[in-house]
Amino acid sequence: MNARQHQSHQDLLTHIETVEAPSAALDAIIVPNGRPPAYLAEAIVAARKLDVPLLLLCSKRASASSAALEAKRSGARVRAIDVDLLPEPLVPTFSTDKLLRAGRFHRPVDTSLKRNLGLLIAIVAGWRQVLFLDDDIVLPDPGDLKAAAGLLTSHPVVGLANAGMPDNSVVCHALRDVGVAQDTFIGGGALVVGEAAFESFFPNIYNEDWFFLLDGLTLRSTAVVGSAIQHPYDPYRDASRARGEELGDTLAEGVYALLDNGLGLPDAGEGYWREFLPARRDVIMTTIKRVQAAEIEPAQKARMIASLKAAIGRNHHITPELCVRYLRAWQKDTVRWRRHVGDLRRDRRSGFGVDHALAALGVAHLAQPGVDGRIGTPPKRRPSRPRAAMRG
């Protein structure tokens with residue numbers, strides 16, 4: 001078995017030109033918002049041009065009242081919620097969270113929670129095709145979204161190609177920066193999701209969007225059309241970034257390498273990971289040597305090496321047994337999520353819009369603006385703490 005990391009997974013996707021795609025309407029745009037209101041400009045413009053509601057799920061440097069006011073002033077139909085104020089549990093507690101929560105691999109971030117919550121609201125609202133859009137993404141042509149929505153009849157998930165800063169892990173950024181051919185993949189930053197994929201969930205791990213694309217055993221039929229631009233960022237600013245990414249990057253790269261080879265999750269046993277993990281470490285060590293030999297500004301070189309050493313240090317704690325345990329827990333969580341979605345559809349009347357959905361889920365009192373369209377005074381947030389299903 002060829003147990004090694006691949007430079008590209010693009011062959012797993014169906015590539016379609018925008019002009020060749022049918023056109024359809026989206027039902028909503030969902031933004032996991034963690035930045036100040038200025039970062040919502042792209043989502044607001046897209047929501048206005050497409051005439052769809054905007055759902056903002058806020059935390060960190062974002063607040064529902066400020067975000068809703070920004071959107072409302074620009075003429076967008078908006079509902080915003082401070083996720084720190086949500087009653088628990090709206091999103092199930094997952095086995096993958098329990099497996100990682102007490103150890104070094106826990107990531108106390110909340111992008112996964114927000115995206116999963118967005119899926120639940122979409123289900124009860126009766127939305128059938130939604131856009132997940134991060135608040136650091138630029139959309140050169142919102143018309144690409146109509147093409148993506150049109151493709152949902154044949155592909156449950158459609159991503160926009162990233163034409164901006166490559167959205168890779170730190171390890172993959174370093175590979176590219178020393179001259180190795182390194183591709184990107186689609187991700188949750190600009191992802192159009194159809195109702196058929198609402199039975200997937202986002203686990204709380206780096207590359208959670210790669211796991212979302214899987215149906216529990218293999219990759220869902222996934223297309224890519226149009227483009228989106230990722231804002232620039234410094235992947236080497238803090239070595240803890242690489243450390244926090246390593247388990248998710250290792251697992252996702254390992255699983256997608258199997259898919260590239262025409263295999264699937266049943267082939268990801270301990271024997272496979274006993275081959276893949278040393279190969280992954282060799283990739284990182286070779287990259288460190290290339291960075292050391294490269295003509296790179298000394299301070300930048302030091303940051304790159306520190307990040308790569310953080311990644312390989314964390315990788316040495318990843319065992320074949322942990323990889324198998326995580327994937328089994330994730331498959332168990334996939335079944336749990338599907339049951340939760342089924343119960344939600346059975347117990348809540350769906351199809352009556354976002355205000356009905358928020359009321360049915362018991363969070364209407366937290367939504368900004370309220371049904372009367374006014375921006376209310378937000379309740380006091382709870383202190384930040386680790387949550388059951390969270391990333392970024």
# chains A, B, ... in the order shown; residues from 1 in each chain; ligands from 1
call {"tool": "select_by_dssp", "arguments": {"residues": "region 125-321 of chain A", "states": "strand (DSSP E or B)", "output": "list in words"}}
result
Gln129, Val130, Leu131, Phe132, Leu133, Ile137, Val138, Val157, Val158, Gly159, Leu160, Ala161, Asn162, Ala190, Leu191, Val192, Val193, Gly194, Leu214, Leu219, Thr222, Ala223, Val224, Val225, Gly226, Ser227, Ala228, Ile229 and Gln230 of chain A
call {"tool": "write_last_selection", "arguments": {"atoms": "N, CA, C and O atoms", "output": "mmCIF file, in the first residue's frame"}}
result
data_model
loop_
_atom_site.group_PDB
_atom_site.id
_atom_site.type_symbol
_atom_site.label_atom_id
_atom_site.label_comp_id
_atom_site.auth_asym_id
_atom_site.auth_seq_id
_atom_site.Cartn_x
_atom_site.Cartn_y
_atom_site.Cartn_z
ATOM 1 N N GLN A 129 -30.595 24.555 0.419
ATOM 2 C CA GLN A 129 -29.249 24.776 -0.124
ATOM 3 C C GLN A 129 -28.698 26.083 0.443
ATOM 4 O O GLN A 129 -29.283 27.146 0.263
ATOM 5 N N VAL A 130 -27.591 25.947 1.148
ATOM 6 C CA VAL A 130 -27.026 27.078 1.882
ATOM 7 C C VAL A 130 -25.554 27.236 1.536
ATOM 8 O O VAL A 130 -24.885 26.288 1.114
ATOM 9 N N LEU A 131 -25.074 28.442 1.744
ATOM 10 C CA LEU A 131 -23.652 28.734 1.598
ATOM 11 C C LEU A 131 -23.035 28.936 2.967
ATOM 12 O O LEU A 131 -23.508 29.768 3.743
ATOM 13 N N PHE A 132 -21.999 28.187 3.279
ATOM 14 C CA PHE A 132 -21.153 28.491 4.426
ATOM 15 C C PHE A 132 -20.034 29.397 3.927
ATOM 16 O O PHE A 132 -19.290 29.034 3.006
ATOM 17 N N LEU A 133 -19.913 30.567 4.548
ATOM 18 C CA LEU A 133 -18.939 31.557 4.106
ATOM 19 C C LEU A 133 -18.190 32.098 5.315
ATOM 20 O O LEU A 133 -18.803 32.685 6.217
ATOM 21 N N ILE A 137 -13.171 35.684 3.696
ATOM 22 C CA ILE A 137 -13.229 35.265 2.299
ATOM 23 C C ILE A 137 -13.838 36.387 1.449
ATOM 24 O O ILE A 137 -14.826 37.021 1.836
ATOM 25 N N VAL A 138 -13.244 36.615 0.279
ATOM 26 C CA VAL A 138 -13.756 37.569 -0.698
ATOM 27 C C VAL A 138 -14.350 36.787 -1.865
ATOM 28 O O VAL A 138 -13.766 35.795 -2.321
ATOM 29 N N VAL A 157 -22.433 18.545 -2.385
ATOM 30 C CA VAL A 157 -21.585 19.623 -1.883
ATOM 31 C C VAL A 157 -20.809 20.205 -3.056
ATOM 32 O O VAL A 157 -20.290 19.466 -3.900
ATOM 33 N N VAL A 158 -20.732 21.534 -3.095
ATOM 34 C CA VAL A 158 -19.984 22.226 -4.149
ATOM 35 C C VAL A 158 -19.119 23.293 -3.494
ATOM 36 O O VAL A 158 -19.619 24.144 -2.755
ATOM 37 N N GLY A 159 -17.824 23.250 -3.759
ATOM 38 C CA GLY A 159 -16.917 24.239 -3.210
ATOM 39 C C GLY A 159 -16.500 25.257 -4.252
ATOM 40 O O GLY A 159 -16.541 24.985 -5.462
ATOM 41 N N LEU A 160 -16.116 26.447 -3.801
ATOM 42 C CA LEU A 160 -15.512 27.436 -4.679
ATOM 43 C C LEU A 160 -13.997 27.298 -4.595
ATOM 44 O O LEU A 160 -13.449 27.132 -3.495
ATOM 45 N N ALA A 161 -13.329 27.336 -5.739
ATOM 46 C CA ALA A 161 -11.873 27.207 -5.755
ATOM 47 C C ALA A 161 -11.236 28.424 -5.092
ATOM 48 O O ALA A 161 -11.659 29.562 -5.318
ATOM 49 N N ASN A 162 -10.213 28.190 -4.288
ATOM 50 C CA ASN A 162 -9.533 29.280 -3.604
ATOM 51 C C ASN A 162 -8.518 29.929 -4.539
ATOM 52 O O ASN A 162 -7.546 29.300 -4.950
ATOM 53 N N ALA A 190 -15.818 28.549 1.870
ATOM 54 C CA ALA A 190 -16.749 28.925 0.802
ATOM 55 C C ALA A 190 -17.326 27.636 0.238
ATOM 56 O O ALA A 190 -16.847 27.112 -0.756
ATOM 57 N N LEU A 191 -18.345 27.120 0.909
ATOM 58 C CA LEU A 191 -18.869 25.795 0.615
ATOM 59 C C LEU A 191 -20.391 25.854 0.493
ATOM 60 O O LEU A 191 -21.076 26.289 1.423
ATOM 61 N N VAL A 192 -20.914 25.448 -0.652
ATOM 62 C CA VAL A 192 -22.357 25.392 -0.872
ATOM 63 C C VAL A 192 -22.819 23.969 -0.593
ATOM 64 O O VAL A 192 -22.300 23.014 -1.171
ATOM 65 N N VAL A 193 -23.787 23.840 0.304
ATOM 66 C CA VAL A 193 -24.195 22.532 0.818
ATOM 67 C C VAL A 193 -25.677 22.321 0.541
ATOM 68 O O VAL A 193 -26.511 23.173 0.868
ATOM 69 N N GLY A 194 -25.989 21.183 -0.062
ATOM 70 C CA GLY A 194 -27.375 20.836 -0.335
ATOM 71 C C GLY A 194 -27.965 19.968 0.760
ATOM 72 O O GLY A 194 -27.251 19.393 1.592
ATOM 73 N N LEU A 214 -17.096 13.607 3.700
ATOM 74 C CA LEU A 214 -17.208 12.151 3.693
ATOM 75 C C LEU A 214 -18.592 11.729 4.173
ATOM 76 O O LEU A 214 -19.229 12.412 4.973
ATOM 77 N N LEU A 219 -15.883 9.499 -0.043
ATOM 78 C CA LEU A 219 -16.175 10.894 -0.356
ATOM 79 C C LEU A 219 -17.515 11.028 -1.068
ATOM 80 O O LEU A 219 -17.820 10.279 -1.995
ATOM 81 N N THR A 222 -18.542 15.470 -5.034
ATOM 82 C CA THR A 222 -18.234 16.858 -4.688
ATOM 83 C C THR A 222 -17.691 17.585 -5.908
ATOM 84 O O THR A 222 -16.786 17.089 -6.583
ATOM 85 N N ALA A 223 -18.241 18.753 -6.193
ATOM 86 C CA ALA A 223 -17.820 19.541 -7.351
ATOM 87 C C ALA A 223 -17.132 20.822 -6.890
ATOM 88 O O ALA A 223 -17.250 21.247 -5.735
ATOM 89 N N VAL A 224 -16.430 21.443 -7.828
ATOM 90 C CA VAL A 224 -15.816 22.743 -7.579
ATOM 91 C C VAL A 224 -16.115 23.635 -8.777
ATOM 92 O O VAL A 224 -16.021 23.216 -9.932
ATOM 93 N N VAL A 225 -16.528 24.871 -8.504
ATOM 94 C CA VAL A 225 -16.887 25.819 -9.549
ATOM 95 C C VAL A 225 -16.587 27.227 -9.044
ATOM 96 O O VAL A 225 -16.617 27.485 -7.834
ATOM 97 N N GLY A 226 -16.305 28.137 -9.958
ATOM 98 C CA GLY A 226 -16.100 29.525 -9.555
ATOM 99 C C GLY A 226 -14.861 29.708 -8.699
ATOM 100 O O GLY A 226 -13.947 28.881 -8.693
ATOM 101 N N SER A 227 -14.837 30.808 -7.953
ATOM 102 C CA SER A 227 -13.653 31.099 -7.133
ATOM 103 C C SER A 227 -14.005 31.939 -5.920
ATOM 104 O O SER A 227 -15.020 32.642 -5.886
ATOM 105 N N ALA A 228 -13.152 31.829 -4.924
ATOM 106 C CA ALA A 228 -13.212 32.657 -3.717
ATOM 107 C C ALA A 228 -11.781 33.001 -3.349
ATOM 108 O O ALA A 228 -10.844 32.282 -3.715
ATOM 109 N N ILE A 229 -11.598 34.092 -2.643
ATOM 110 C CA ILE A 229 -10.250 34.557 -2.300
ATOM 111 C C ILE A 229 -10.087 34.590 -0.783
ATOM 112 O O ILE A 229 -10.834 35.281 -0.081
ATOM 113 N N GLN A 230 -9.124 33.832 -0.295
ATOM 114 C CA GLN A 230 -8.792 33.810 1.124
ATOM 115 C C GLN A 230 -7.912 35.010 1.468
ATOM 116 O O GLN A 230 -6.924 35.284 0.791
#
call {"tool": "residues_around", "arguments": {"residues": "region 272-281 of chain A", "least_positions_apart": "3", "cutoff": "8 Å", "atoms": "only C-alpha atoms", "output": "ChimeraX atom specification"}}
result
/A:1,3-5,250,254,267-269,284-285,312,315,318-320,323
call {"tool": "atom_distance", "arguments": {"atom1": "CA of Ala43 (chain A)", "atom2": "CA of Leu13 (chain A)"}}
result
25.3 Å
call {"tool": "residues_around", "arguments": {"residues": "Met304 (chain A)", "least_positions_apart": "3", "cutoff": "6 Å", "atoms": "only C-alpha atoms", "output": "ChimeraX atom specification"}}
result
/A:236,301,307
call {"tool": "closest_residue", "arguments": {"among": "A:Leu55, A:Leu99, A:Ala302, A:Leu50", "to": "Arg79 (chain A)", "atoms": "only C-alpha atoms"}}
result
A:Leu55
call {"tool": "atom_distance", "arguments": {"atom1": "CA of His9 (chain A)", "atom2": "CA of Ala257 (chain A)"}}
result
7.7 Å
call {"tool": "select_by_dssp", "arguments": {"residues": "region 123-262 of chain A", "states": "alpha helix (DSSP H)", "output": "PyMOL selection string"}}
result
chain A and resi 123-125+143-150+170-177+208-212+239-260
